[in-house]
file final_1.txt (compact mmCIF, C-alpha atoms)
# COMPACT_ATOMS: atom_id res chain seq x y z
CA MET A 1 -33.34 35.08 -102.18
CA GLN A 2 -30.13 33.49 -103.37
CA LYS A 3 -28.63 30.86 -101.12
CA LYS A 4 -25.31 32.67 -100.95
CA GLU A 5 -26.90 35.90 -99.84
CA TYR A 6 -28.95 34.03 -97.31
CA ASP A 7 -25.86 32.42 -95.82
CA LYS A 8 -24.20 35.80 -95.64
CA LEU A 9 -27.20 37.22 -93.83
CA VAL A 10 -27.31 34.33 -91.40
CA LYS A 11 -23.64 34.76 -90.63
CA LYS A 12 -24.15 38.44 -89.99
CA HIS A 13 -26.97 37.97 -87.51
CA LYS A 14 -26.06 34.73 -85.77
CA PRO A 15 -23.26 35.97 -83.46
CA ASN A 16 -25.37 38.88 -82.32
CA GLU A 17 -28.29 36.67 -81.39
CA LYS A 18 -25.93 34.42 -79.48
CA LYS A 19 -24.45 37.42 -77.72
CA PHE A 20 -27.92 38.64 -76.80
CA LEU A 21 -28.84 35.21 -75.46
CA ASN A 22 -25.63 35.17 -73.41
CA ILE A 23 -26.57 38.53 -71.92
CA VAL A 24 -30.05 37.32 -71.01
CA LYS A 25 -28.60 34.20 -69.40
CA ALA A 26 -25.97 36.16 -67.49
CA PHE A 27 -28.58 38.66 -66.27
CA SER A 28 -31.10 36.08 -65.10
CA ILE A 29 -28.57 33.73 -63.48
CA GLY A 30 -26.49 36.51 -61.92
CA GLY A 31 -29.64 38.20 -60.67
CA THR A 32 -30.98 34.97 -59.21
CA ILE A 33 -27.73 34.42 -57.31
CA GLY A 34 -28.08 37.99 -56.02
CA ILE A 35 -31.60 37.19 -54.78
CA ILE A 36 -30.36 33.97 -53.16
CA GLY A 37 -27.61 36.03 -51.50
CA HIS A 38 -30.08 38.48 -50.07
CA ALA A 39 -32.53 35.74 -49.01
CA LEU A 40 -29.72 33.98 -47.15
CA LEU A 41 -28.73 37.29 -45.54
CA GLU A 42 -32.30 37.86 -44.30
CA PHE A 43 -32.49 34.25 -43.13
CA TYR A 44 -29.29 34.50 -41.09
CA VAL A 45 -30.19 37.87 -39.60
CA ASN A 46 -33.84 37.15 -38.80
CA THR A 47 -33.96 33.43 -38.10
CA LEU A 48 -30.53 32.65 -36.69
CA GLU A 49 -30.20 36.16 -35.19
CA VAL A 50 -26.56 36.84 -36.02
CA THR A 51 -25.23 40.37 -36.61
CA SER A 52 -25.49 41.64 -40.18
CA LYS A 53 -21.68 41.69 -40.47
CA ASP A 54 -21.41 38.00 -39.55
CA ALA A 55 -24.39 37.22 -41.75
CA ALA A 56 -22.59 38.71 -44.78
CA THR A 57 -19.66 36.38 -44.11
CA LEU A 58 -22.00 33.40 -43.69
CA VAL A 59 -23.72 34.21 -47.01
CA ILE A 60 -20.37 34.12 -48.80
CA ILE A 61 -19.34 30.89 -47.06
CA THR A 62 -22.67 29.24 -47.94
CA LEU A 63 -22.36 30.14 -51.63
CA VAL A 64 -18.71 29.10 -51.71
CA PHE A 65 -19.56 25.78 -50.08
CA PHE A 66 -22.21 24.87 -52.63
CA ALA A 67 -20.18 26.08 -55.62
CA SER A 68 -17.20 24.08 -54.40
CA LEU A 69 -19.31 20.99 -53.71
CA PHE A 70 -20.98 21.12 -57.11
CA THR A 71 -17.60 21.60 -58.79
CA ALA A 72 -16.18 18.58 -56.97
CA LEU A 73 -19.25 16.53 -57.90
CA GLY A 74 -18.52 17.40 -61.52
CA PHE A 75 -21.61 19.17 -62.82
CA PHE A 76 -20.77 22.79 -62.03
CA ASP A 77 -18.48 22.95 -65.08
CA ASN A 78 -21.53 22.41 -67.28
CA TRP A 79 -23.44 25.11 -65.41
CA VAL A 80 -20.56 27.56 -65.91
CA SER A 81 -20.29 26.87 -69.63
CA PHE A 82 -24.06 27.42 -69.88
CA GLY A 83 -24.42 30.51 -67.69
CA ARG A 84 -20.95 31.99 -68.35
CA ALA A 85 -20.59 35.34 -66.56
CA GLY A 86 -23.73 34.62 -64.53
CA PHE A 87 -21.79 32.04 -62.56
CA ILE A 88 -18.27 33.44 -62.99
CA ILE A 89 -18.75 36.99 -61.69
CA PRO A 90 -20.48 36.09 -58.40
CA ILE A 91 -18.39 34.58 -55.61
CA THR A 92 -19.37 31.15 -56.96
CA GLY A 93 -16.86 31.69 -59.78
CA PHE A 94 -14.11 32.29 -57.25
CA ALA A 95 -14.86 29.02 -55.47
CA HIS A 96 -15.24 27.20 -58.77
CA GLY A 97 -11.85 28.47 -59.98
CA MET A 98 -10.10 27.39 -56.83
CA THR A 99 -11.72 23.95 -56.58
CA SER A 100 -11.36 23.10 -60.26
CA ALA A 101 -7.67 24.09 -60.24
CA ALA A 102 -7.10 21.88 -57.20
CA ILE A 103 -8.95 18.97 -58.77
CA GLU A 104 -7.19 19.34 -62.10
CA TYR A 105 -3.69 19.10 -60.60
CA ARG A 106 -4.59 16.62 -57.90
CA GLY A 107 -2.88 13.79 -59.77
CA GLU A 108 0.50 15.52 -59.46
CA GLY A 109 0.57 15.15 -55.71
CA LEU A 110 -0.26 17.15 -52.61
CA ILE A 111 2.62 19.66 -52.81
CA THR A 112 3.56 20.06 -56.47
CA GLY A 113 -0.01 19.39 -57.60
CA ILE A 114 -2.64 20.86 -55.30
CA GLY A 115 -0.28 23.08 -53.30
CA SER A 116 1.35 24.88 -56.21
CA ASN A 117 -1.70 25.12 -58.41
CA ILE A 118 -4.70 25.78 -56.14
CA PHE A 119 -4.35 29.55 -56.73
CA LYS A 120 -3.65 29.19 -60.42
CA LEU A 121 -6.98 30.73 -61.50
CA THR A 122 -7.93 32.76 -58.43
CA GLY A 123 -4.47 34.03 -57.50
CA SER A 124 -4.82 37.04 -59.79
CA VAL A 125 -8.07 38.05 -58.09
CA ILE A 126 -6.39 38.02 -54.68
CA LEU A 127 -3.20 39.70 -55.95
CA TYR A 128 -4.86 42.57 -57.80
CA GLY A 129 -7.52 42.91 -55.11
CA ILE A 130 -4.83 43.51 -52.50
CA VAL A 131 -2.65 45.74 -54.68
CA SER A 132 -5.55 47.93 -55.81
CA ALA A 133 -7.11 48.06 -52.33
CA TYR A 134 -3.76 49.13 -50.90
CA ILE A 135 -3.21 51.85 -53.50
CA PHE A 136 -6.77 53.20 -53.37
CA GLY A 137 -6.74 52.88 -49.58
CA LEU A 138 -3.51 54.86 -49.43
CA ILE A 139 -4.95 57.58 -51.67
CA ARG A 140 -8.07 57.85 -49.55
CA PHE A 141 -6.10 57.75 -46.34
CA LEU A 142 -3.80 60.56 -47.46
CA LEU A 143 -6.51 62.72 -49.05
CA PHE A 144 -9.47 62.21 -46.72
CA GLY A 145 -7.83 60.71 -43.64
CA GLY A 146 -9.61 57.35 -43.88
CA MET B 147 -38.17 45.82 -53.04
CA ILE B 148 -34.63 45.12 -51.93
CA TYR B 149 -34.93 41.67 -53.52
CA PHE B 150 -35.65 43.41 -56.82
CA ASN B 151 -32.64 45.70 -56.35
CA ALA B 152 -30.48 42.69 -55.49
CA PHE B 153 -31.58 41.01 -58.71
CA ILE B 154 -30.97 44.10 -60.82
CA PHE B 155 -27.55 44.92 -59.41
CA SER B 156 -26.17 41.39 -59.38
CA GLY B 157 -27.62 40.74 -62.83
CA LEU B 158 -26.21 43.96 -64.28
CA VAL B 159 -22.71 43.26 -62.98
CA CYS B 160 -22.84 39.84 -64.64
CA VAL B 161 -24.14 41.38 -67.87
CA ILE B 162 -21.21 43.81 -67.97
CA GLY B 163 -18.86 40.88 -67.46
CA GLN B 164 -20.60 38.91 -70.21
CA ILE B 165 -20.44 41.81 -72.66
CA ILE B 166 -16.71 42.25 -72.04
CA MET B 167 -16.19 38.50 -72.40
CA ASP B 168 -18.08 38.30 -75.70
CA ASN B 169 -16.53 41.35 -77.32
CA SER B 170 -12.89 40.97 -76.37
CA LYS B 171 -10.30 38.28 -75.95
CA LEU B 172 -10.15 38.71 -72.17
CA THR B 173 -10.45 35.50 -70.18
CA PRO B 174 -12.66 35.09 -67.09
CA GLY B 175 -9.48 35.56 -65.03
CA HIS B 176 -8.96 39.03 -66.55
CA ILE B 177 -12.56 40.00 -65.94
CA THR B 178 -12.78 38.86 -62.31
CA SER B 179 -9.49 40.69 -61.59
CA LEU B 180 -10.83 43.80 -63.31
CA PHE B 181 -14.03 43.63 -61.26
CA VAL B 182 -12.18 43.30 -57.96
CA VAL B 183 -10.15 46.40 -58.85
CA THR B 184 -13.39 48.17 -59.80
CA GLY B 185 -14.94 47.26 -56.45
CA ALA B 186 -11.96 48.72 -54.61
CA PHE B 187 -12.03 51.81 -56.82
CA LEU B 188 -15.74 52.44 -56.15
CA ASP B 189 -15.00 52.49 -52.44
CA LEU B 190 -12.55 55.33 -52.99
CA PHE B 191 -15.60 57.61 -53.09
CA ASN B 192 -17.86 55.56 -50.77
CA ILE B 193 -19.99 54.53 -53.75
CA TYR B 194 -19.98 50.82 -53.01
CA ASP B 195 -21.27 51.39 -49.46
CA LYS B 196 -24.32 53.08 -50.96
CA ILE B 197 -24.81 50.17 -53.36
CA VAL B 198 -24.71 47.73 -50.42
CA LEU B 199 -27.45 49.73 -48.69
CA TRP B 200 -29.50 49.76 -51.89
CA ALA B 201 -29.08 46.16 -53.03
CA GLY B 202 -28.34 44.35 -49.76
CA GLY B 203 -27.16 40.79 -50.31
CA GLY B 204 -27.19 41.36 -54.06
CA ALA B 205 -24.20 43.69 -53.70
CA MET B 206 -22.27 41.21 -51.55
CA VAL B 207 -22.48 38.33 -54.01
CA PRO B 208 -20.56 39.67 -57.06
CA ILE B 209 -16.76 39.53 -56.90
CA THR B 210 -16.69 43.36 -56.78
CA SER B 211 -17.59 43.11 -53.08
CA PHE B 212 -14.26 41.35 -52.47
CA GLY B 213 -12.35 44.50 -53.47
CA HIS B 214 -14.79 46.58 -51.45
CA LEU B 215 -14.24 44.48 -48.31
CA LEU B 216 -10.44 44.56 -48.72
CA ILE B 217 -10.21 48.35 -48.87
CA HIS B 218 -12.89 48.73 -46.19
CA GLY B 219 -10.98 46.58 -43.72
CA ALA B 220 -7.74 48.41 -44.49
CA LEU B 221 -9.29 51.86 -44.00
CA ASP B 222 -11.11 50.89 -40.80
CA LYS B 223 -7.83 49.77 -39.25
CA ALA B 224 -5.98 52.81 -40.64
CA LYS B 225 -8.45 55.05 -38.82
CA ASP B 226 -7.41 53.46 -35.51
CA VAL B 227 -3.66 52.97 -35.81
CA GLY B 228 -2.62 55.21 -38.70
CA PHE B 229 -0.64 54.35 -41.81
CA MET B 230 0.42 50.84 -40.76
CA GLY B 231 -3.23 49.93 -40.35
CA LEU B 232 -3.61 49.77 -44.14
CA ALA B 233 -1.53 46.61 -44.16
CA MET B 234 -2.76 45.28 -40.82
CA GLY B 235 -6.44 45.54 -41.60
CA MET B 236 -6.34 44.45 -45.24
CA PHE B 237 -7.77 41.00 -44.52
CA ASP B 238 -9.94 41.90 -41.53
CA LEU B 239 -13.23 41.49 -43.40
CA THR B 240 -12.25 39.02 -46.11
CA ALA B 241 -10.16 36.64 -44.00
CA SER B 242 -13.09 34.37 -43.17
CA GLY B 243 -14.23 34.22 -46.79
CA ILE B 244 -10.78 33.42 -48.18
CA THR B 245 -10.00 30.91 -45.43
CA ALA B 246 -13.34 29.17 -45.89
CA THR B 247 -12.85 29.01 -49.67
CA ILE B 248 -9.38 27.51 -49.33
CA ILE B 249 -10.41 24.96 -46.70
CA ILE B 250 -13.58 23.95 -48.52
CA ALA B 251 -11.74 23.67 -51.85
CA PHE B 252 -9.01 21.57 -50.27
CA PHE B 253 -11.33 19.10 -48.58
CA MET B 254 -13.64 18.85 -51.56
CA THR B 255 -10.60 17.97 -53.66
CA ALA B 256 -9.46 15.43 -51.09
CA ILE B 257 -12.89 13.81 -50.77
CA PHE B 258 -14.11 13.66 -54.37
CA LYS B 259 -12.33 12.08 -57.29
CA ALA B 260 -11.94 14.14 -60.47
CA LYS B 261 -14.22 13.12 -63.28
CA ASP B 262 -12.68 13.00 -66.73
call {"tool": "encode", "arguments": {"input": "final_1.txt", "output": "structure tokens"}}
result
Amino acid sequence: MQKKEYDKLVKKHKPNEKKFLNIVKAFSIGGTIGIIGHALLEFYVNTLEVTSKDAATLVIITLVFFASLFTALGFFDNWVSFGRAGFIIPITGFAHGMTSAAIEYRGEGLITGIGSNIFKLTGSVILYGIVSAYIFGLIRFLLFGG
Amino acid sequence: MIYFNAFIFSGLVCVIGQIIMDNSKLTPGHITSLFVVTGAFLDLFNIYDKIVLWAGGGAMVPITSFGHLLIHGALDKAKDVGFMGLAMGMFDLTASGITATIIIAFFMTAIFKAKD
């Protein structure tokens, strides 16, 4: 095979393989976080005997705490660039976005730095979450009565 | 069994996010926003409630559950007090999660120095 053709072939297949690898990583990491979430839920309900509603909140707080801590310690950025969507889509990505924005602008002071920029990455999630929940909620309230 | 479902659901949501990320120019911010809207939309027909029953904690971990909890809180309150309840109950279920995230993020930033 000619070298040129070979290079062409490599170029054609390389991005796909990388994409496939990304999917495998996202699936395994995202799935593992899902299992951790459920294990924590069972732990809180069975061992600490809280109601399942409170346990769901505690699960989220636990994951947020560790994601935020790891981001502040500096190594969660590497995890995110390795696992991509596997870490970004779960609630860990939300905590990571908020903490890393706060850390990035920390040098500019408490108000103009952290205060104005802490929602820089996660603000859109909150904004569109509320807007869409209000619109869909209104539709369901008017059509089905709640 | 529910651990398996949790793995499958949480993994699949992340895979969808990864596929969108790899094949378009959308940033993670676009995708998380899109997923929150999707979570709220799925609750329009009570679909997300069924997923929570099926996948347990696995359905609460992806960001889609944030949209689900927002609309759920709003509708629960709207059932009690009518139209105004949509606004009053919006944060009922997510308040603790958002508050905890903000407080944790703030103190983590205050305690640890940024690494360059």
call {"tool": "residues_around", "arguments": {"input": "final_1.txt", "residues": "Thr255 of chain B", "least_positions_apart": "3", "cutoff": "9 Å", "atoms": "all atoms listed in the file", "output": "list of chain:residue names"}}
result
A:Ala72, A:Thr99, A:Ser100, A:Ala102, A:Ile103, A:Arg106, A:Ile114, B:Ile250, B:Ala251, B:Phe252, B:Phe258, B:Lys259, B:Ala260
call {"tool": "atom_distance", "arguments": {"input": "final_1.txt", "atom1": "atom CA of Ser68 of chain A", "atom2": "atom CA of Ser116 of chain A"}}
result
18.7 Å
call {"tool": "interface_residues", "arguments": {"input": "final_1.txt", "of": "chain A", "to": "chain B", "cutoff": "6 Å", "atoms": "all atoms listed in the file", "output": "ChimeraX atom specification"}}
result
/A:23,26-27,30-31,34-35,37-38,72,85-86,89-91,99,103,125,129,132-133,137,146
call {"tool": "atom_distance", "arguments": {"input": "final_1.txt", "atom1": "atom CA of Glu49 of chain A", "atom2": "atom CA of Asn192 of chain B"}}
result
27.8 Å
call {"tool": "atom_distance", "arguments": {"input": "final_1.txt", "atom1": "atom CA of Gly97 of chain A", "atom2": "atom CA of Thr173 of chain B"}}
result
12.5 Å
call {"tool": "closest_residue", "arguments": {"input": "final_1.txt", "among": "A:Val10, A:Phe70, A:Thr92, A:Phe141", "to": "Val227 of chain B", "atoms": "all atoms listed in the file"}}
result
A:Phe141
